[in-house]
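**Student:** Below is the structure I would like to discuss, written out as structure tokens.
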Amino acid sequence: MISAQAWADAKMVWDFHQMHHEPRPCSVAIGLGSHDLGVADATVDLYRRGMAPLIVFTGATSRTTQALMPRGEAVHYRERALELGVPASAVLVEPRARNTGENIRYSRELLEQGGVDVSSVLLVSKPYEERRAYATARKLWPGVEVVSASTPMTFMEYVDSIGDAKRVIDMLVGALQRLLIYPQQGFMVSQTVPDDVSAAYARLVDEGFTGRLVPVP
């Protein structure tokens, strides 16, 4: 049973994870691989709206996607984009990345090798991964403008789409932990976490939403 306080805290953390950027035309849209095909759909929608002339889908497989996407996250995303009518010439695949840092690094390498001039990047992720993706790209690709995007949806709409509230709150908590500890490890730029968000995070950890935390060295 999830308490009213935990729901309120999770909603606060959810809101913080979203960058609330207004989508605008960029050199390329990069869809970050995951278990959620909605990322591919959101990337295609932005492409159709003229927000990028080229799409890169990036991602290998993980424990959570190996059965669901056996050919690799990026490959399945590409297949989804083609099903939705995006021309094959507008979609590149980066099939090696196994974390957000590799998503950014390998996508950058792919575009540089292809001679694509990149001054701005539209980063498309799951809704609660916007800030993490932004902070990672700012660290690993400092010369480009970064715009974060995801499927427009409310916290409760996302919970309903996943069908497992505990899992969603675990993911929100895990993503925030990474924002707190990864800058010191050189994985992303540091961002200020408001005191009320930090307090909400601490309460959620105390209530046992720890399934996606990583060990702290």
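Quick note on naming: the chains in the structure tokens go A, B, ... in the order shown, residues restart at 1 in each chain, and ligands are numbered from 1 in order of appearance.
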Give me the residues near A:Tyr106 as number ranges by chain, where near means some atom within 10 Å (using only C-alpha atoms) and where sequence neighbours in that chain fewer than 6 positions away do not count.
**Tutor:** A: 58-59, 94-97, 100, 112
**Student:** Using only C-alpha atoms, pick whichever of A:Gln191, A:Gln184, A:Gln177, A:Ser148 has the shortest atom-to-atom distance to A:Val205.
**Tutor:**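 Counting only C-alpha atoms, the residue closest to A:Val205 is A:Gln177.
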**Student:** Each residue of stretch 19-76 of chain A lying at most 12 Å from stretch 152-158 of chain A should get a row with its shortest atom-to-atom pair and the distance in Å to one decimal, counting only C-alpha atoms; could you produce that, ordered by chain and increasing number, as JSON lines?
**Tutor:**
```
{"residue": "A:Met19", "atom": "CA", "partner": "A:Pro152", "partner_atom": "CA", "distance": 11.8}
{"residue": "A:His20", "atom": "CA", "partner": "A:Pro152", "partner_atom": "CA", "distance": 10.0}
{"residue": "A:His21", "atom": "CA", "partner": "A:Pro152", "partner_atom": "CA", "distance": 11.4}
{"residue": "A:Glu22", "atom": "CA", "partner": "A:Pro152", "partner_atom": "CA", "distance": 11.3}
{"residue": "A:Pro23", "atom": "CA", "partner": "A:Pro152", "partner_atom": "CA", "distance": 11.3}
{"residue": "A:Asp36", "atom": "CA", "partner": "A:Tyr158", "partner_atom": "CA", "distance": 11.0}
{"residue": "A:Gly38", "atom": "CA", "partner": "A:Pro152", "partner_atom": "CA", "distance": 10.3}
{"residue": "A:Val39", "atom": "CA", "partner": "A:Pro152", "partner_atom": "CA", "distance": 10.7}
{"residue": "A:Asp41", "atom": "CA", "partner": "A:Pro152", "partner_atom": "CA", "distance": 11.3}
{"residue": "A:Ala42", "atom": "CA", "partner": "A:Pro152", "partner_atom": "CA", "distance": 8.5}
{"residue": "A:Thr43", "atom": "CA", "partner": "A:Pro152", "partner_atom": "CA", "distance": 11.7}
{"residue": "A:Asp45", "atom": "CA", "partner": "A:Pro152", "partner_atom": "CA", "distance": 11.1}
{"residue": "A:Leu46", "atom": "CA", "partner": "A:Pro152", "partner_atom": "CA", "distance": 11.6}
```
**Student:** Write out, as a PDB file, in the first residue's frame, the residues just selected, with C-alpha atoms.
**Tutor:**
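What follows is the written file again_16.pdb:
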```pdb
ATOM      1  CA  MET A  19      13.035  19.761 -18.006  1.00  0.00           C
ATOM      2  CA  HIS A  20       9.916  21.408 -19.459  1.00  0.00           C
ATOM      3  CA  HIS A  21      11.803  22.437 -22.583  1.00  0.00           C
ATOM      4  CA  GLU A  22       9.753  23.681 -25.517  1.00  0.00           C
ATOM      5  CA  PRO A  23      10.661  21.493 -28.510  1.00  0.00           C
ATOM      6  CA  ASP A  36       9.501   1.835 -23.705  1.00  0.00           C
ATOM      7  CA  GLY A  38       6.858   5.246 -26.561  1.00  0.00           C
ATOM      8  CA  VAL A  39      10.287   6.884 -26.887  1.00  0.00           C
ATOM      9  CA  ASP A  41       6.813   7.168 -31.030  1.00  0.00           C
ATOM     10  CA  ALA A  42       7.703  10.508 -29.428  1.00  0.00           C
ATOM     11  CA  THR A  43      10.815  10.797 -31.601  1.00  0.00           C
ATOM     12  CA  ASP A  45       6.223  12.718 -33.718  1.00  0.00           C
ATOM     13  CA  LEU A  46       8.948  15.329 -33.321  1.00  0.00           C
TER      14      LEU A  46
END
```
**Student:** Of the residues A:Tyr134, A:Tyr128, A:Trp141, A:Tyr201, which is the one nearest to A:Trp14, using only C-alpha atoms?
**Tutor:**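 For A:Trp14, the nearest of the candidates is A:Tyr128.
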**Student:** Run DSSP on the backbone and tell me which residues of stretch 2-210 of chain A come out as alpha helix (DSSP H); list them as a ChimeraX atom specification.
**Tutor:** /A:4-17,38-48,73-83,100-113,130-140,155-162,165-181,195-206
**Student:** Pick out each residue of stretch 125-181 of chain A that DSSP on the backbone tags as strand (DSSP E); I need them as a CSV table (one decimal) with all heavy atoms, in the first residue's frame.
**Tutor:**
```csv
chain,number,residue,atom,x,y,z
A,145,GLU,N,23.9,22.5,-28.2
A,145,GLU,CA,22.7,22.9,-27.5
A,145,GLU,C,21.9,21.6,-27.3
A,145,GLU,O,21.7,20.8,-28.2
A,145,GLU,CB,21.9,23.9,-28.2
A,145,GLU,CG,20.6,24.3,-27.6
A,145,GLU,CD,19.7,25.2,-28.4
A,145,GLU,OE1,20.1,25.4,-29.6
A,145,GLU,OE2,18.7,25.7,-27.9
A,146,VAL,N,21.4,21.4,-26.1
A,146,VAL,CA,20.6,20.2,-25.7
A,146,VAL,C,19.2,20.6,-25.4
A,146,VAL,O,19.0,21.4,-24.5
A,146,VAL,CB,21.3,19.5,-24.6
A,146,VAL,CG1,20.5,18.2,-24.2
A,146,VAL,CG2,22.7,19.1,-24.9
A,147,VAL,N,18.3,20.0,-26.1
A,147,VAL,CA,16.8,20.2,-25.8
A,147,VAL,C,16.3,18.8,-25.4
A,147,VAL,O,16.4,17.8,-26.1
A,147,VAL,CB,16.1,20.7,-27.0
A,147,VAL,CG1,14.6,20.9,-26.7
A,147,VAL,CG2,16.7,22.0,-27.5
A,148,SER,N,15.7,18.7,-24.2
A,148,SER,CA,15.1,17.5,-23.7
A,148,SER,C,13.6,17.3,-24.1
A,148,SER,O,12.9,18.3,-24.1
A,148,SER,CB,15.2,17.4,-22.2
A,148,SER,OG,16.6,17.1,-21.8
A,149,ALA,N,13.2,16.1,-24.4
A,149,ALA,CA,11.8,15.9,-24.8
A,149,ALA,C,11.4,14.5,-24.4
A,149,ALA,O,12.3,13.6,-24.2
A,149,ALA,CB,11.7,16.1,-26.3
```
**Student:** Excluding A:Gly186 and its own-chain neighbours fewer than 3 positions away, which residues fall within 10 Å of it when counting only C-alpha atoms? Please give them as an MDAnalysis selection string.
**Tutor:** chainID A and resid 136 139:140 181:183 189:190
**Student:** Could those residues be written to a file, using C-alpha atoms, as an mmCIF file, in the first residue's frame?
**Tutor:**
```
data_model
loop_
_atom_site.group_PDB
_atom_site.id
_atom_site.type_symbol
_atom_site.label_atom_id
_atom_site.label_comp_id
_atom_site.auth_asym_id
_atom_site.auth_seq_id
_atom_site.Cartn_x
_atom_site.Cartn_y
_atom_site.Cartn_z
ATOM 1 C CA THR A 136 24.814 13.586 -19.306
ATOM 2 C CA LYS A 139 28.976 16.707 -19.782
ATOM 3 C CA LEU A 140 29.896 14.498 -22.726
ATOM 4 C CA ILE A 181 26.083 10.994 -7.245
ATOM 5 C CA TYR A 182 27.100 10.806 -10.917
ATOM 6 C CA PRO A 183 28.504 14.357 -11.220
ATOM 7 C CA VAL A 189 27.126 17.934 -14.996
ATOM 8 C CA SER A 190 25.954 18.895 -11.534
#
```
**Student:** Rounded to one decimal, what separation in Å do you get between atom CA of A:Val75 and atom CA of A:Phe57?
**Tutor:**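 Interatomic distance, atom CA of A:Val75 to atom CA of A:Phe57: 7.6 Å.
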**Student:** What does the distance between atom CA of A:Tyr77 and atom CA of A:Phe209 come to in Å, to one decimal place?
**Tutor:**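 About the pair atom CA of A:Tyr77 and atom CA of A:Phe209: they are 29.5 Å apart.
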**Student:** Need to verify the contact set: A:Gly50, 12 Å, only C-alpha atoms, exclusion of same-chain residues closer than 6 positions in sequence. Can you return it as a list in words?
**Tutor:**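 Answer for this query is Pro23, Arg24, Pro25, Cys26, Ser27, Val28, Ala29, Thr43, Val44 and Leu122 of chain A.
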**Student:** Any idea what the distance is between atom CA of A:Lys166 and atom CA of A:Glu207?
**Tutor:** 11.0 Å
**Student:** Using only C-alpha atoms, which of the listed residues (A:His76, A:Arg212, A:His35, A:Arg71) sits closest to A:Asp170?
**Tutor:**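 Selected residue with least distance to A:Asp170: A:Arg212.
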**Student:** So that I can check the surroundings of A:Leu110, please list as a list in words every protein, DNA and RNA residue that reaches within 9 Å of it, counting only C-alpha atoms and ignoring chain neighbours fewer than 3 positions away.
**Tutor:**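 With the cut-off at 9 Å, the set is Val56, Leu92, Val93, Glu94, Arg105, Tyr106, Ser107, Gln113, Gly114, Gly115 and Val116 of chain A.
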**Student:** Output N, CA, C and O atoms of each residue in that selection to a file, as a PDB file, in the first residue's frame.
**Tutor:**
```pdb
ATOM      1  N   VAL A  56      18.543   9.473 -34.736  1.00  0.00           N
ATOM      2  CA  VAL A  56      19.441   8.397 -34.303  1.00  0.00           C
ATOM      3  C   VAL A  56      18.747   7.659 -33.171  1.00  0.00           C
ATOM      4  O   VAL A  56      18.334   8.279 -32.181  1.00  0.00           O
ATOM      5  N   LEU A  92      19.192   6.543 -38.359  1.00  0.00           N
ATOM      6  CA  LEU A  92      20.450   5.855 -38.100  1.00  0.00           C
ATOM      7  C   LEU A  92      20.313   5.036 -36.818  1.00  0.00           C
ATOM      8  O   LEU A  92      19.548   5.400 -35.921  1.00  0.00           O
ATOM      9  N   VAL A  93      21.082   3.955 -36.737  1.00  0.00           N
ATOM     10  CA  VAL A  93      21.039   3.069 -35.574  1.00  0.00           C
ATOM     11  C   VAL A  93      22.415   2.981 -34.934  1.00  0.00           C
ATOM     12  O   VAL A  93      23.418   2.750 -35.615  1.00  0.00           O
ATOM     13  N   GLU A  94      22.434   3.194 -33.636  1.00  0.00           N
ATOM     14  CA  GLU A  94      23.642   2.991 -32.830  1.00  0.00           C
ATOM     15  C   GLU A  94      23.324   1.834 -31.897  1.00  0.00           C
ATOM     16  O   GLU A  94      22.596   1.999 -30.924  1.00  0.00           O
ATOM     17  N   ARG A 105      27.793   9.197 -26.084  1.00  0.00           N
ATOM     18  CA  ARG A 105      29.137   9.086 -26.664  1.00  0.00           C
ATOM     19  C   ARG A 105      29.109   8.386 -28.019  1.00  0.00           C
ATOM     20  O   ARG A 105      29.690   8.871 -29.003  1.00  0.00           O
ATOM     21  N   TYR A 106      28.415   7.263 -28.096  1.00  0.00           N
ATOM     22  CA  TYR A 106      28.406   6.503 -29.338  1.00  0.00           C
ATOM     23  C   TYR A 106      27.582   7.194 -30.424  1.00  0.00           C
ATOM     24  O   TYR A 106      27.908   7.115 -31.613  1.00  0.00           O
ATOM     25  N   SER A 107      26.508   7.874 -30.024  1.00  0.00           N
ATOM     26  CA  SER A 107      25.723   8.620 -31.017  1.00  0.00           C
ATOM     27  C   SER A 107      26.553   9.757 -31.600  1.00  0.00           C
ATOM     28  O   SER A 107      26.522  10.029 -32.808  1.00  0.00           O
ATOM     29  N   GLN A 113      31.365  10.426 -37.633  1.00  0.00           N
ATOM     30  CA  GLN A 113      31.862   9.558 -38.696  1.00  0.00           C
ATOM     31  C   GLN A 113      31.053   9.721 -39.980  1.00  0.00           C
ATOM     32  O   GLN A 113      31.592   9.573 -41.081  1.00  0.00           O
ATOM     33  N   GLY A 114      29.772  10.059 -39.836  1.00  0.00           N
ATOM     34  CA  GLY A 114      28.922  10.266 -40.997  1.00  0.00           C
ATOM     35  C   GLY A 114      28.995  11.666 -41.567  1.00  0.00           C
ATOM     36  O   GLY A 114      28.299  11.973 -42.549  1.00  0.00           O
ATOM     37  N   GLY A 115      29.810  12.511 -40.964  1.00  0.00           N
ATOM     38  CA  GLY A 115      29.956  13.861 -41.463  1.00  0.00           C
ATOM     39  C   GLY A 115      28.759  14.754 -41.221  1.00  0.00           C
ATOM     40  O   GLY A 115      28.575  15.761 -41.919  1.00  0.00           O
ATOM     41  N   VAL A 116      27.940  14.423 -40.224  1.00  0.00           N
ATOM     42  CA  VAL A 116      26.759  15.222 -39.907  1.00  0.00           C
ATOM     43  C   VAL A 116      27.168  16.385 -39.006  1.00  0.00           C
ATOM     44  O   VAL A 116      27.762  16.177 -37.943  1.00  0.00           O
TER      45      VAL A 116
END
```
**Student:** Identify, on the basis of only C-alpha atoms, every residue whose closest approach to A:Pro127 does not exceed 7 Å; exclude the query and any residue fewer than 3 positions from it along the same chain; express the result as a list in words.
**Tutor:**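 Contacts, with the query itself left out: Gln18, Glu130, Ser150 and Thr151 of chain A.
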**Student:** Next, the residues of the selection above should be written as a PDB file, in the first residue's frame with all heavy atoms.
**Tutor:**
```
ATOM      1  N   GLN A  18      11.498  16.274 -15.178  1.00  0.00           N
ATOM      2  CA  GLN A  18      11.157  16.818 -16.486  1.00  0.00           C
ATOM      3  C   GLN A  18      11.746  18.219 -16.630  1.00  0.00           C
ATOM      4  O   GLN A  18      11.644  19.052 -15.728  1.00  0.00           O
ATOM      5  CB  GLN A  18       9.650  16.819 -16.684  1.00  0.00           C
ATOM      6  CG  GLN A  18       9.075  15.394 -16.670  1.00  0.00           C
ATOM      7  CD  GLN A  18       7.667  15.333 -17.178  1.00  0.00           C
ATOM      8  OE1 GLN A  18       6.787  16.012 -16.693  1.00  0.00           O
ATOM      9  NE2 GLN A  18       7.444  14.500 -18.184  1.00  0.00           N
ATOM     10  N   GLU A 130      14.401  12.744 -18.513  1.00  0.00           N
ATOM     11  CA  GLU A 130      14.779  13.954 -19.240  1.00  0.00           C
ATOM     12  C   GLU A 130      15.993  14.646 -18.623  1.00  0.00           C
ATOM     13  O   GLU A 130      16.945  14.999 -19.313  1.00  0.00           O
ATOM     14  CB  GLU A 130      13.604  14.936 -19.291  1.00  0.00           C
ATOM     15  CG  GLU A 130      12.573  14.639 -20.347  1.00  0.00           C
ATOM     16  CD  GLU A 130      11.617  15.815 -20.540  1.00  0.00           C
ATOM     17  OE1 GLU A 130      11.963  16.944 -20.158  1.00  0.00           O
ATOM     18  OE2 GLU A 130      10.523  15.594 -21.074  1.00  0.00           O
ATOM     19  N   SER A 150      10.149  14.246 -24.282  1.00  0.00           N
ATOM     20  CA  SER A 150       9.594  12.928 -23.988  1.00  0.00           C
ATOM     21  C   SER A 150       8.118  12.941 -24.376  1.00  0.00           C
ATOM     22  O   SER A 150       7.590  13.973 -24.810  1.00  0.00           O
ATOM     23  CB  SER A 150       9.745  12.583 -22.502  1.00  0.00           C
ATOM     24  OG  SER A 150       9.012  13.490 -21.698  1.00  0.00           O
ATOM     25  N   THR A 151       7.465  11.805 -24.214  1.00  0.00           N
ATOM     26  CA  THR A 151       6.034  11.738 -24.475  1.00  0.00           C
ATOM     27  C   THR A 151       5.297  12.616 -23.473  1.00  0.00           C
ATOM     28  O   THR A 151       5.465  12.452 -22.263  1.00  0.00           O
ATOM     29  CB  THR A 151       5.529  10.291 -24.337  1.00  0.00           C
ATOM     30  OG1 THR A 151       6.257   9.457 -25.240  1.00  0.00           O
ATOM     31  CG2 THR A 151       4.043  10.209 -24.643  1.00  0.00           C
TER      32      THR A 151
END
```
**Student:** Can you pull out the residues contacting A:Met171? Cut-off 8 Å, using only C-alpha atoms, and skip same-chain residues under 4 positions away; I want them as an mmCIF file with C-alpha atoms, in the first residue's frame.
**Tutor:**
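What landed in part11.cif:
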```cif
data_model
loop_
_atom_site.group_PDB
_atom_site.id
_atom_site.type_symbol
_atom_site.label_atom_id
_atom_site.label_comp_id
_atom_site.auth_asym_id
_atom_site.auth_seq_id
_atom_site.Cartn_x
_atom_site.Cartn_y
_atom_site.Cartn_z
ATOM 1 C CA ARG A 167 8.267 -0.040 -10.053
ATOM 2 C CA ALA A 175 17.096 8.386 -11.501
ATOM 3 C CA GLY A 211 14.775 -1.118 -6.169
ATOM 4 C CA ARG A 212 16.723 1.023 -8.674
#
```
